[in-house]
>>> print(open('entry-v2.cif').read())   # mmCIF, C-alpha atoms
data_my_file
#
loop_
_atom_site.label_atom_id
_atom_site.label_comp_id
_atom_site.auth_asym_id
_atom_site.auth_seq_id
_atom_site.Cartn_x
_atom_site.Cartn_y
_atom_site.Cartn_z
CA MET A 225 108.05 154.96 87.76
CA SER A 226 108.67 157.25 90.68
CA ARG A 227 111.02 156.13 93.42
CA ARG A 228 108.18 155.69 95.94
CA GLU A 229 105.44 154.26 93.77
CA LEU A 230 105.87 150.68 95.03
CA ASP A 231 106.51 149.24 98.44
CA ALA A 232 107.20 145.66 97.30
CA ILE A 233 107.88 143.68 94.14
CA VAL A 234 107.12 139.95 94.23
CA ALA A 235 108.55 137.60 91.59
CA GLY A 236 106.58 134.41 91.03
CA ALA A 237 102.85 133.68 91.19
CA GLY A 238 102.91 130.26 92.82
CA VAL A 239 101.26 129.65 96.18
CA ALA A 240 103.93 131.41 98.27
CA GLY A 241 104.46 134.34 95.91
CA THR A 242 100.79 135.13 95.36
CA ALA A 243 100.05 134.79 99.08
CA ALA A 244 102.90 137.21 99.84
CA ALA A 245 101.66 139.76 97.29
CA LEU A 246 98.10 139.46 98.57
CA GLY A 247 99.11 139.81 102.22
CA LEU A 248 101.31 142.85 101.59
CA ALA A 249 98.52 144.52 99.59
CA ARG A 250 95.98 143.84 102.32
CA ALA A 251 98.36 145.59 104.74
CA GLY A 252 97.86 148.75 102.67
CA LEU A 253 101.10 148.53 100.68
CA GLN A 254 101.62 149.13 96.97
CA VAL A 255 102.65 145.79 95.46
CA ALA A 256 103.60 144.50 92.00
CA LEU A 257 103.56 140.80 91.09
CA VAL A 258 105.76 139.69 88.18
CA GLU A 259 104.94 136.35 86.54
CA PRO A 260 105.91 134.89 83.14
CA ARG A 261 102.53 133.25 82.48
CA GLU A 262 99.04 133.64 83.85
CA PRO A 263 98.09 130.70 86.09
CA PRO A 264 95.62 128.28 84.47
CA ALA A 265 92.08 128.44 85.79
CA TRP A 266 91.02 125.66 88.15
CA SER A 267 88.31 123.27 86.94
CA ALA A 268 86.41 120.88 89.19
CA GLY A 269 86.26 118.31 86.41
CA ASP A 270 90.02 118.31 85.80
CA PRO A 271 91.80 117.71 89.13
CA ASP A 272 95.36 118.97 89.33
CA LEU A 273 97.78 116.07 89.87
CA ARG A 274 99.79 118.21 92.28
CA VAL A 275 98.17 118.46 95.72
CA PHE A 276 99.29 119.79 99.08
CA ALA A 277 98.54 118.83 102.68
CA ILE A 278 97.80 122.25 104.15
CA ALA A 279 98.52 122.46 107.89
CA PRO A 280 96.22 124.29 110.33
CA ASP A 281 98.52 127.30 110.78
CA ASN A 282 98.59 127.89 107.04
CA ALA A 283 94.84 127.42 106.70
CA ALA A 284 94.60 130.21 109.29
CA LEU A 285 96.93 132.35 107.17
CA LEU A 286 94.76 131.80 104.08
CA ARG A 287 91.72 132.70 106.16
CA ASP A 288 93.40 135.93 107.32
CA LEU A 289 94.17 136.73 103.67
CA GLY A 290 90.48 136.40 102.81
CA ALA A 291 91.05 133.47 100.44
CA TRP A 292 90.08 130.45 102.52
CA ASP A 293 86.32 130.49 101.95
CA ALA A 294 86.80 130.56 98.17
CA ILE A 295 89.27 127.67 98.39
CA ALA A 296 87.37 125.47 100.84
CA GLY A 297 84.07 126.20 99.12
CA ALA A 298 85.45 124.85 95.85
CA ARG A 299 87.18 121.65 96.98
CA ALA A 300 89.21 120.93 100.09
CA GLN A 301 89.41 117.45 101.60
CA PRO A 302 89.90 117.51 105.38
CA TYR A 303 91.86 114.67 106.91
CA ARG A 304 91.36 113.49 110.47
CA GLY A 305 93.92 110.73 110.71
CA MET A 306 97.43 109.77 109.62
CA GLN A 307 99.05 106.36 109.62
CA VAL A 308 102.72 105.81 108.81
CA TRP A 309 104.29 102.37 108.76
CA ASP A 310 107.41 100.62 107.54
CA ALA A 311 107.39 97.75 105.04
CA GLY A 312 110.16 96.17 107.14
CA GLY A 313 107.82 95.60 110.10
CA GLY A 314 106.97 97.17 113.44
CA GLN A 315 103.95 99.12 114.61
CA PRO A 316 102.52 102.15 112.79
CA LEU A 317 102.77 105.76 113.86
CA VAL A 318 99.17 106.99 114.20
CA PHE A 319 97.83 110.53 114.53
CA ASP A 320 94.14 110.89 115.39
CA ALA A 321 92.21 114.17 115.41
CA ASP A 322 90.01 113.16 118.33
CA ARG A 323 92.96 112.25 120.53
CA LEU A 324 94.69 115.51 119.62
CA GLY A 325 91.58 117.56 120.34
CA ARG A 326 91.15 118.70 116.73
CA ARG A 327 88.26 118.65 114.29
CA GLU A 328 90.76 117.92 111.51
CA LEU A 329 94.54 117.60 111.15
CA GLY A 330 94.73 119.43 107.83
CA TRP A 331 93.32 119.65 104.31
CA ILE A 332 94.33 118.15 100.95
CA ILE A 333 94.04 120.89 98.30
CA GLU A 334 95.08 121.07 94.67
CA ASN A 335 97.91 123.43 93.73
CA ARG A 336 95.95 124.89 90.81
CA LEU A 337 92.97 125.69 93.06
CA LEU A 338 95.13 127.46 95.63
CA VAL A 339 96.89 129.56 92.99
CA ASP A 340 93.67 130.37 91.13
CA ARG A 341 91.89 131.68 94.21
CA LEU A 342 94.92 133.56 95.52
CA TRP A 343 95.49 135.16 92.10
CA THR A 344 91.89 136.37 91.96
CA ALA A 345 92.08 137.71 95.53
CA ALA A 346 95.37 139.50 94.75
CA GLN A 347 93.83 141.22 91.74
CA GLN A 348 90.86 142.31 93.85
CA ALA A 349 93.25 143.65 96.52
CA GLY A 350 94.89 145.95 93.97
CA VAL A 351 98.13 144.05 93.30
CA ARG A 352 99.61 145.30 90.02
CA MET A 353 100.04 142.32 87.73
CA HIS A 354 102.98 142.32 85.32
CA CYS A 355 102.08 139.21 83.36
CA PRO A 356 103.43 137.91 81.10
CA ASP A 357 106.77 139.34 82.13
CA ARG A 358 109.88 138.36 84.04
CA ILE A 359 112.70 139.98 85.99
CA THR A 360 115.97 140.22 84.03
CA GLY A 361 117.96 142.68 86.15
CA LEU A 362 118.26 143.76 89.78
CA GLU A 363 120.02 146.69 91.43
CA GLN A 364 120.05 147.57 95.11
CA GLY A 365 120.64 150.91 96.80
CA LEU A 366 120.55 152.35 100.28
CA ASP A 367 116.88 153.28 100.15
CA GLY A 368 115.41 150.80 97.66
CA ALA A 369 115.87 148.25 94.92
CA SER A 370 115.00 148.40 91.23
CA VAL A 371 114.30 145.58 88.82
CA GLU A 372 114.35 145.51 85.05
CA LEU A 373 111.66 143.47 83.30
CA GLU A 374 111.89 141.58 80.05
CA SER A 375 109.29 144.00 78.66
CA GLY A 376 111.74 146.87 79.18
CA ARG A 377 109.95 148.39 82.16
CA ARG A 378 111.78 149.22 85.37
CA LEU A 379 110.14 148.95 88.78
CA ARG A 380 111.44 150.32 92.04
CA ALA A 381 110.44 149.34 95.58
CA ARG A 382 111.73 149.09 99.12
CA LEU A 383 111.46 145.29 99.15
CA VAL A 384 111.91 142.54 96.54
CA VAL A 385 110.49 139.08 97.27
CA GLY A 386 111.89 136.16 95.27
CA ALA A 387 109.22 133.46 95.07
CA ASP A 388 110.15 132.26 91.61
CA GLY A 389 110.86 128.59 92.30
CA GLY A 390 113.85 126.30 92.64
CA ALA A 391 115.63 127.88 89.64
CA SER A 392 115.02 131.39 91.01
CA ARG A 393 116.28 134.23 88.81
CA VAL A 394 115.94 136.66 91.71
CA ARG A 395 118.19 134.45 93.85
CA GLU A 396 120.75 134.37 91.05
CA LEU A 397 120.64 138.15 90.50
CA ALA A 398 121.05 138.72 94.26
CA GLY A 399 124.19 136.56 94.22
CA ILE A 400 122.84 133.96 96.64
CA GLY A 401 124.20 130.44 96.17
CA THR A 402 122.64 127.08 97.03
CA ARG A 403 123.67 123.72 98.41
CA GLY A 404 121.92 120.40 98.08
CA ARG A 405 121.80 116.99 96.54
CA SER A 406 119.67 114.89 94.25
CA TYR A 407 117.86 111.99 95.88
CA GLY A 408 118.09 109.96 92.69
CA GLN A 409 114.32 109.64 92.97
CA ARG A 410 111.24 110.97 91.25
CA GLY A 411 107.87 111.61 92.82
CA LEU A 412 105.19 109.86 90.79
CA VAL A 413 101.71 111.38 91.23
CA ALA A 414 98.26 110.21 90.14
CA TYR A 415 94.69 109.71 91.33
CA ILE A 416 93.76 106.17 92.33
CA GLY A 417 90.29 104.70 92.65
CA HIS A 418 89.87 102.11 95.40
CA GLU A 419 87.27 99.77 96.80
CA ARG A 420 86.96 101.07 100.37
CA PRO A 421 86.55 104.64 101.70
CA HIS A 422 89.75 106.48 102.58
CA GLN A 423 88.37 107.29 106.07
CA ALA A 424 89.64 110.89 105.78
CA THR A 425 93.08 109.48 106.54
CA CYS A 426 96.54 109.99 105.04
CA TRP A 427 98.40 106.70 104.64
CA GLN A 428 102.16 106.42 104.12
CA ARG A 429 104.27 103.31 103.80
CA PHE A 430 108.07 103.43 103.82
CA LEU A 431 109.62 101.18 101.17
CA PRO A 432 113.28 100.54 100.33
CA GLY A 433 112.97 102.66 97.17
CA GLY A 434 111.18 105.55 98.90
CA PRO A 435 107.88 106.32 100.64
CA LEU A 436 104.43 105.81 99.12
CA ALA A 437 101.63 108.10 100.31
CA PHE A 438 97.88 107.84 99.71
CA LEU A 439 96.19 111.18 100.43
CA PRO A 440 92.39 111.33 100.77
CA PHE A 441 90.49 113.16 98.04
CA PRO A 442 86.77 113.81 97.44
CA ASP A 443 85.05 110.83 95.82
CA GLY A 444 84.90 110.72 92.05
CA PRO A 445 82.10 109.53 89.74
CA GLU A 446 83.19 105.92 90.26
CA GLY A 447 83.58 106.05 94.03
CA PRO A 448 86.39 106.57 96.57
CA ARG A 449 89.71 107.93 95.34
CA SER A 450 93.01 109.17 96.70
CA SER A 451 95.94 111.17 95.42
CA ILE A 452 99.24 109.30 95.55
CA VAL A 453 102.83 110.49 95.80
CA TRP A 454 105.20 107.57 95.19
CA SER A 455 108.91 108.28 95.63
CA LEU A 456 110.86 105.90 93.39
CA PRO A 457 114.39 105.52 92.03
CA ASP A 458 114.65 107.35 88.71
CA GLU A 459 114.66 104.30 86.45
CA GLU A 460 111.79 102.64 88.31
CA ALA A 461 109.75 105.84 88.19
CA GLU A 462 110.27 106.11 84.44
CA ARG A 463 109.18 102.50 83.93
CA LEU A 464 106.03 102.84 86.03
CA LEU A 465 105.18 106.21 84.54
CA HIS A 466 104.71 104.49 81.18
CA ALA A 467 103.42 101.10 82.35
CA ASP A 468 99.95 100.15 81.18
CA PRO A 469 97.26 100.93 83.79
CA ALA A 470 96.57 97.32 84.75
CA ARG A 471 100.26 96.58 85.34
CA PHE A 472 100.68 99.82 87.26
CA LEU A 473 97.80 99.00 89.61
CA VAL A 474 99.18 95.53 90.29
CA GLU A 475 102.57 96.93 91.32
CA LEU A 476 101.04 99.79 93.28
CA SER A 477 98.78 97.40 95.19
CA ARG A 478 101.76 95.22 96.08
CA ALA A 479 103.76 98.25 97.24
CA PHE A 480 100.94 99.79 99.30
CA ASP A 481 99.60 96.62 100.90
CA GLY A 482 97.10 98.90 102.61
CA PRO A 483 93.59 99.05 104.00
CA LEU A 484 91.73 100.48 101.01
CA GLY A 485 90.85 97.21 99.36
CA GLU A 486 91.22 96.63 95.62
CA LEU A 487 92.74 99.47 93.62
CA THR A 488 90.32 99.97 90.75
CA SER A 489 91.54 102.80 88.51
CA VAL A 490 94.42 105.17 87.79
CA SER A 491 94.31 108.62 86.23
CA ALA A 492 96.95 110.20 84.05
CA ARG A 493 100.36 110.11 85.76
CA ALA A 494 103.24 112.56 86.11
CA ALA A 495 106.62 112.50 87.83
CA PHE A 496 109.04 115.15 89.07
CA PRO A 497 112.67 114.91 90.27
CA LEU A 498 113.31 114.97 94.02
CA ARG A 499 116.16 116.92 95.55
CA ARG A 500 117.18 118.89 98.61
CA GLN A 501 118.24 122.46 97.88
CA LEU A 502 118.86 125.21 100.43
CA ALA A 503 119.82 128.80 99.67
CA ALA A 504 122.92 129.98 101.53
CA THR A 505 120.74 132.74 102.97
CA GLN A 506 117.14 133.85 102.51
CA HIS A 507 118.09 137.52 102.60
CA HIS A 508 120.55 139.85 100.90
CA GLY A 509 120.12 143.59 101.24
CA ARG A 510 116.50 144.35 100.33
CA VAL A 511 115.87 140.95 98.74
CA VAL A 512 114.23 138.02 100.52
CA LEU A 513 113.57 134.50 99.26
CA VAL A 514 110.48 132.47 100.14
CA GLY A 515 109.18 129.04 99.20
CA ASP A 516 111.09 126.90 96.70
CA ALA A 517 113.38 129.81 95.83
CA ALA A 518 114.79 129.38 99.35
CA HIS A 519 114.31 125.68 100.08
CA VAL A 520 113.32 122.54 98.20
CA VAL A 521 112.72 119.53 100.44
CA HIS A 522 111.75 115.87 100.14
CA PRO A 523 107.94 115.47 99.95
CA LEU A 524 107.83 112.57 102.44
CA ALA A 525 106.44 114.77 105.24
CA GLY A 526 104.25 116.95 103.02
CA GLN A 527 105.88 120.09 104.40
CA GLY A 528 107.24 121.86 101.29
CA VAL A 529 104.40 124.31 100.71
CA ASN A 530 103.81 124.65 104.45
CA LEU A 531 107.39 125.85 104.98
CA GLY A 532 106.92 128.35 102.15
CA LEU A 533 103.70 129.72 103.61
CA ARG A 534 105.40 130.03 107.00
CA ASP A 535 108.06 132.15 105.30
CA VAL A 536 105.24 134.35 104.01
CA SER A 537 103.45 134.51 107.36
CA ALA A 538 106.62 135.65 109.15
CA LEU A 539 107.36 138.17 106.38
CA LEU A 540 103.86 139.64 106.59
CA ASP A 541 104.25 139.98 110.35
CA THR A 542 107.61 141.75 109.92
CA ALA A 543 106.42 144.05 107.13
CA GLY A 544 103.07 144.75 108.82
CA ARG A 545 104.72 145.89 112.05
CA ALA A 546 107.06 148.16 110.10
CA ALA A 547 104.23 149.64 108.02
CA GLU A 548 102.11 150.36 111.09
CA SER A 549 104.94 152.38 112.63
CA GLY A 550 105.87 154.12 109.37
CA ALA A 551 109.23 152.34 109.22
CA ASP A 552 111.02 150.99 106.15
CA ILE A 553 109.61 147.51 105.40
CA GLY A 554 112.74 146.61 103.42
CA ALA A 555 115.35 147.75 105.93
CA PRO A 556 118.17 145.17 105.71
CA ALA A 557 118.54 144.89 109.50
CA ARG A 558 114.82 144.08 109.85
CA LEU A 559 114.99 141.49 107.05
CA ALA A 560 118.09 139.93 108.62
CA ARG A 561 116.10 139.16 111.75
CA TRP A 562 113.37 137.56 109.62
CA ASN A 563 116.05 135.53 107.83
CA ARG A 564 117.53 134.13 111.03
CA ARG A 565 114.11 133.01 112.19
CA ARG A 566 113.03 131.35 108.94
CA ARG A 567 116.30 129.90 107.72
CA SER A 568 116.85 128.09 111.01
CA ASP A 569 113.46 126.37 110.82
CA ASN A 570 113.82 125.54 107.13
CA THR A 571 117.35 124.16 107.48
CA VAL A 572 116.45 121.93 110.43
CA SER A 573 113.35 120.67 108.60
CA ALA A 574 115.18 119.96 105.33
CA HIS A 575 117.93 117.97 107.05
CA ALA A 576 115.42 116.11 109.22
CA PHE A 577 113.54 114.98 106.09
CA ASP A 578 116.87 114.04 104.53
CA LEU A 579 117.76 111.89 107.55
CA ILE A 580 114.36 110.17 107.52
CA ASP A 581 114.80 109.35 103.84
CA ARG A 582 118.29 107.92 104.44
CA ILE A 583 117.04 105.73 107.30
CA TYR A 584 113.86 104.45 105.70
CA SER A 585 114.70 104.33 101.99
CA ASN A 586 117.08 101.39 102.19
CA ASP A 587 117.01 97.72 103.07
CA ALA A 588 120.18 97.52 105.21
CA PRO A 589 119.62 95.04 108.09
CA LEU A 590 120.26 97.37 111.05
CA PRO A 591 117.91 100.20 110.04
CA VAL A 592 115.23 97.67 109.12
CA MET A 593 115.49 96.11 112.60
CA VAL A 594 114.96 99.34 114.56
CA ARG A 595 113.07 101.88 112.42
CA GLY A 596 109.63 100.28 112.48
CA HIS A 597 109.79 100.00 116.26
CA PHE A 598 110.59 103.71 116.55
CA LEU A 599 107.41 104.56 114.64
CA GLY A 600 105.40 102.40 117.01
CA ILE A 601 106.93 103.99 120.10
CA ALA A 602 106.23 107.49 118.75
CA GLY A 603 102.65 106.46 118.13
CA ARG A 604 102.11 104.98 121.61
CA VAL A 605 103.71 107.72 123.76
CA PRO A 606 101.14 110.56 123.93
CA PRO A 607 103.56 113.46 124.71
CA LEU A 608 105.86 112.45 121.85
CA ASN A 609 102.91 111.91 119.52
CA ARG A 610 101.51 115.36 120.31
CA ALA A 611 104.93 117.03 119.96
CA LEU A 612 105.47 115.51 116.51
CA TRP A 613 102.04 116.60 115.36
CA ARG A 614 102.42 120.14 116.76
CA HIS A 615 105.65 120.57 114.80
CA ALA A 616 104.02 119.38 111.57
CA ALA A 617 100.95 121.54 112.19
CA GLY A 618 102.93 124.67 112.96
CA THR A 619 101.25 125.14 116.32
#
>>> encode(input="entry-v2.cif", output="structure tokens")
Amino acid sequence: MSRRELDAIVAGAGVAGTAAALGLARAGLQVALVEPREPPAWSAGDPDLRVFAIAPDNAALLRDLGAWDAIAGARAQPYRGMQVWDAGGGQPLVFDADRLGRRELGWIIENRLLVDRLWTAAQQAGVRMHCPDRITGLEQGLDGASVELESGRRLRARLVVGADGGASRVRELAGIGTRGRSYGQRGLVAYIGHERPHQATCWQRFLPGGPLAFLPFPDGPEGPRSSIVWSLPDEEAERLLHADPARFLVELSRAFDGPLGELTSVSARAAFPLRRQLAATQHHGRVVLVGDAAHVVHPLAGQGVNLGLRDVSALLDTAGRAAESGADIGAPARLARWNRRRRSDNTVSAHAFDLIDRIYSNDAPLPVMVRGHFLGIAGRVPPLNRALWRHAAGT
């Protein structure tokens, strides 16, 4: 390929990577997307167990990318309320759309649906798909970077975006290290049928072993249902993953102790390990890292994919401004400014979630005495309530 054929190479076709490729292409840039396997097609009759709570700022990004109508028109569950409470006692922290002057607080959307619609939009925008393929080598120079693919092809561009997950090959090839820790927990996910409507509300209860969240989802054939994310110690997660459905529902009902009435059914279940992992930097030369390649965080606040899409939004702003003025979109000094902006936000967020987990995922007497009361205070003081929600919503 000629030295100037591509402006950007994106590795990884998850939500963050495909959104980045789509946004760069819509800015008039020549973009290649490298992915080892084509994303599976979304099917309405086979809900993906992995769902995200998409915040308003990222819904706006998806709308700007021209993908939102296709996503929301397929299946997106808006939520208008959030309630968070501690099993140890105290008052709940409540967010209410009406009080915050919003029509909704966010949307629950399946991972597979997001990727499917973004992938289609990226193809339509002219993104060059190298799939199945993967990056095996990376070299950087003064005016560009080149990557070698497993297929033997070499691509050259001014910018390389690593969006290839927590075990990022791009991060490794760029020589960027990571720091973090395992939580000794797994996130167990499933769909749960329940007696009462979910009221378009996200419910989360802090338990000594980790938080349990019920996220509203469109009703199924048998009535109301929610998606759950249950953070559990590794051994407990393994036991419940393989428990018979009746036993699982008994233990889940006891743990949730919530307002949805009898829990009536459980879908297939899956579990994934929980850890905190932060890249030492999100930028090296002409390489940037976005999404899980840069930061893996605890799911208790539902912010993982939102942080990744905020990386993308800031990158598109940086690259778009450069492209409009005819400047080099991959200039290291420009990317360094982007890195300072994003890494600060991601680091603060990751450590804040870590602190919340340490405080709430234990049964030591002192934390139990004070933590539930803090939630209640945050819920009853309007300025604090609004500030917490604005941070989560990216506004």
>>> atom_distance(input="entry-v2.cif", atom1="CA of Arg534 in chain A", atom2="CA of Gln348 in chain A")
23.1 Å
>>> atom_distance(input="entry-v2.cif", atom1="CA of Val413 in chain A", atom2="CA of Arg471 in chain A")
16.0 Å
>>> residues_around(input="entry-v2.cif", residues="Glu419 in chain A", least_positions_apart="3", cutoff="7 Å", atoms="only C-alpha atoms", output="number ranges by chain")
A: 448, 484-488
>>> residues_near_point(input="entry-v2.cif", point="(86.5, 122.5, 100.8)", cutoff="12 Å", atoms="only C-alpha atoms", output="ChimeraX atom specification")
/A:268,278,283,291-303,330-334,337-338,441-442
>>> resolve_selection(input="entry-v2.cif", expression="the PyMOL selection byres ((chain A and resi 565) around 12)", output="tab-separated table (two decimals) with C-alpha atoms, in the frame of the given file")
chain	number	residue	atom	x	y	z
A	505	THR	CA	120.74	132.74	102.97
A	506	GLN	CA	117.14	133.85	102.51
A	507	HIS	CA	118.09	137.52	102.60
A	534	ARG	CA	105.40	130.03	107.00
A	535	ASP	CA	108.06	132.15	105.30
A	537	SER	CA	103.45	134.51	107.36
A	538	ALA	CA	106.62	135.65	109.15
A	539	LEU	CA	107.36	138.17	106.38
A	542	THR	CA	107.61	141.75	109.92
A	558	ARG	CA	114.82	144.08	109.85
A	559	LEU	CA	114.99	141.49	107.05
A	560	ALA	CA	118.09	139.93	108.62
A	561	ARG	CA	116.10	139.16	111.75
A	562	TRP	CA	113.37	137.56	109.62
A	563	ASN	CA	116.05	135.53	107.83
A	564	ARG	CA	117.53	134.13	111.03
A	566	ARG	CA	113.03	131.35	108.94
A	567	ARG	CA	116.30	129.90	107.72
A	568	SER	CA	116.85	128.09	111.01
A	569	ASP	CA	113.46	126.37	110.82
A	570	ASN	CA	113.82	125.54	107.13
A	571	THR	CA	117.35	124.16	107.48
A	572	VAL	CA	116.45	121.93	110.43
>>> closest_residue(input="entry-v2.cif", among="A:Gly361, A:Gly554, A:Pro260, A:Gly444", to="Arg378 in chain A", atoms="all atoms listed in the file")
A:Gly361
>>> residues_around(input="entry-v2.cif", residues="range 493-496 of chain A", least_positions_apart="5", cutoff="8 Å", atoms="all atoms listed in the file", output="list in words")
Leu273, Arg410, Gly411, Leu412, Val413, Ala414, Tyr415, Ala461 and Leu465 of chain A
>>> atom_distance(input="entry-v2.cif", atom1="CA of Ser455 in chain A", atom2="CA of Ser406 in chain A")
12.7 Å
>>> residues_around(input="entry-v2.cif", residues="Ala479 in chain A", least_positions_apart="6", cutoff="12 Å", atoms="all atoms listed in the file", output="PyMOL selection string")
chain A and resi 310-312+428-438+454-456+472-473+487
>>> residues_near_point(input="entry-v2.cif", point="(116.3, 124.1, 90.3)", cutoff="10 Å", atoms="only C-alpha atoms", output="PDB file with C-alpha atoms, keeping the file's coordinate frame")
ATOM      1  CA  GLY A 389     110.860 128.590  92.300  1.00  0.00           C
ATOM      2  CA  GLY A 390     113.850 126.300  92.640  1.00  0.00           C
ATOM      3  CA  ALA A 391     115.630 127.880  89.640  1.00  0.00           C
ATOM      4  CA  SER A 392     115.020 131.390  91.010  1.00  0.00           C
ATOM      5  CA  THR A 402     122.640 127.080  97.030  1.00  0.00           C
ATOM      6  CA  PRO A 497     112.670 114.910  90.270  1.00  0.00           C
ATOM      7  CA  ARG A 499     116.160 116.920  95.550  1.00  0.00           C
ATOM      8  CA  ARG A 500     117.180 118.890  98.610  1.00  0.00           C
ATOM      9  CA  GLN A 501     118.240 122.460  97.880  1.00  0.00           C
ATOM     10  CA  ASP A 516     111.090 126.900  96.700  1.00  0.00           C
ATOM     11  CA  ALA A 517     113.380 129.810  95.830  1.00  0.00           C
ATOM     12  CA  VAL A 520     113.320 122.540  98.200  1.00  0.00           C
TER      13      VAL A 520
END
>>> residues_around(input="entry-v2.cif", residues="Ala346 in chain A", least_positions_apart="2", cutoff="9 Å", atoms="only C-alpha atoms", output="mmCIF file with C-alpha atoms, in the coordinates of the input")
data_model
loop_
_atom_site.group_PDB
_atom_site.id
_atom_site.type_symbol
_atom_site.label_atom_id
_atom_site.label_comp_id
_atom_site.auth_asym_id
_atom_site.auth_seq_id
_atom_site.Cartn_x
_atom_site.Cartn_y
_atom_site.Cartn_z
ATOM 1 C CA THR A 242 100.790 135.130 95.360
ATOM 2 C CA ALA A 243 100.050 134.790 99.080
ATOM 3 C CA ALA A 245 101.660 139.760 97.290
ATOM 4 C CA LEU A 246 98.100 139.460 98.570
ATOM 5 C CA GLY A 247 99.110 139.810 102.220
ATOM 6 C CA ALA A 249 98.520 144.520 99.590
ATOM 7 C CA ARG A 250 95.980 143.840 102.320
ATOM 8 C CA ARG A 341 91.890 131.680 94.210
ATOM 9 C CA LEU A 342 94.920 133.560 95.520
ATOM 10 C CA TRP A 343 95.490 135.160 92.100
ATOM 11 C CA THR A 344 91.890 136.370 91.960
ATOM 12 C CA GLN A 348 90.860 142.310 93.850
ATOM 13 C CA ALA A 349 93.250 143.650 96.520
ATOM 14 C CA GLY A 350 94.890 145.950 93.970
ATOM 15 C CA VAL A 351 98.130 144.050 93.300
ATOM 16 C CA ARG A 352 99.610 145.300 90.020
ATOM 17 C CA MET A 353 100.040 142.320 87.730
#
>>> build_atoms(input="entry-v2.cif", residues="range 233-249 of chain A", atoms="N, CA and C atoms", output="PDB file, in the frame of the given file")
ATOM      1  N   ILE A 233     107.962 144.392  95.409  1.00  0.00           N
ATOM      2  CA  ILE A 233     107.880 143.680  94.140  1.00  0.00           C
ATOM      3  C   ILE A 233     108.020 142.200  94.467  1.00  0.00           C
ATOM      4  N   VAL A 234     107.081 141.389  94.001  1.00  0.00           N
ATOM      5  CA  VAL A 234     107.120 139.950  94.230  1.00  0.00           C
ATOM      6  C   VAL A 234     107.316 139.258  92.884  1.00  0.00           C
ATOM      7  N   ALA A 235     108.295 138.390  92.797  1.00  0.00           N
ATOM      8  CA  ALA A 235     108.550 137.600  91.590  1.00  0.00           C
ATOM      9  C   ALA A 235     108.036 136.195  91.794  1.00  0.00           C
ATOM     10  N   GLY A 236     107.085 135.770  90.945  1.00  0.00           N
ATOM     11  CA  GLY A 236     106.580 134.410  91.030  1.00  0.00           C
ATOM     12  C   GLY A 236     105.179 134.334  91.584  1.00  0.00           C
ATOM     13  N   ALA A 237     104.259 133.756  90.790  1.00  0.00           N
ATOM     14  CA  ALA A 237     102.850 133.680  91.190  1.00  0.00           C
ATOM     15  C   ALA A 237     102.433 132.267  91.543  1.00  0.00           C
ATOM     16  N   GLY A 238     103.325 131.519  92.215  1.00  0.00           N
ATOM     17  CA  GLY A 238     102.910 130.260  92.820  1.00  0.00           C
ATOM     18  C   GLY A 238     102.189 130.531  94.118  1.00  0.00           C
ATOM     19  N   VAL A 239     102.010 129.497  94.920  1.00  0.00           N
ATOM     20  CA  VAL A 239     101.260 129.650  96.180  1.00  0.00           C
ATOM     21  C   VAL A 239     101.932 130.669  97.089  1.00  0.00           C
ATOM     22  N   ALA A 240     103.249 130.519  97.331  1.00  0.00           N
ATOM     23  CA  ALA A 240     103.930 131.410  98.270  1.00  0.00           C
ATOM     24  C   ALA A 240     103.989 132.833  97.741  1.00  0.00           C
ATOM     25  N   GLY A 241     104.327 132.999  96.466  1.00  0.00           N
ATOM     26  CA  GLY A 241     104.460 134.340  95.910  1.00  0.00           C
ATOM     27  C   GLY A 241     103.152 135.093  95.880  1.00  0.00           C
ATOM     28  N   THR A 242     102.073 134.440  95.435  1.00  0.00           N
ATOM     29  CA  THR A 242     100.790 135.130  95.360  1.00  0.00           C
ATOM     30  C   THR A 242     100.249 135.428  96.748  1.00  0.00           C
ATOM     31  N   ALA A 243     100.471 134.524  97.695  1.00  0.00           N
ATOM     32  CA  ALA A 243     100.050 134.790  99.080  1.00  0.00           C
ATOM     33  C   ALA A 243     100.819 135.977  99.645  1.00  0.00           C
ATOM     34  N   ALA A 244     102.111 136.077  99.349  1.00  0.00           N
ATOM     35  CA  ALA A 244     102.900 137.210  99.840  1.00  0.00           C
ATOM     36  C   ALA A 244     102.397 138.520  99.245  1.00  0.00           C
ATOM     37  N   ALA A 245     102.148 138.543  97.931  1.00  0.00           N
ATOM     38  CA  ALA A 245     101.660 139.760  97.290  1.00  0.00           C
ATOM     39  C   ALA A 245     100.303 140.167  97.851  1.00  0.00           C
ATOM     40  N   LEU A 246      99.422 139.188  98.031  1.00  0.00           N
ATOM     41  CA  LEU A 246      98.100 139.460  98.570  1.00  0.00           C
ATOM     42  C   LEU A 246      98.190 140.011  99.990  1.00  0.00           C
ATOM     43  N   GLY A 247      99.004 139.366 100.832  1.00  0.00           N
ATOM     44  CA  GLY A 247      99.110 139.810 102.220  1.00  0.00           C
ATOM     45  C   GLY A 247      99.696 141.207 102.337  1.00  0.00           C
ATOM     46  N   LEU A 248     100.714 141.520 101.544  1.00  0.00           N
ATOM     47  CA  LEU A 248     101.310 142.850 101.590  1.00  0.00           C
ATOM     48  C   LEU A 248     100.303 143.905 101.118  1.00  0.00           C
ATOM     49  N   ALA A 249      99.525 143.581 100.074  1.00  0.00           N
ATOM     50  CA  ALA A 249      98.520 144.520  99.590  1.00  0.00           C
ATOM     51  C   ALA A 249      97.436 144.757 100.629  1.00  0.00           C
TER      52      ALA A 249
END
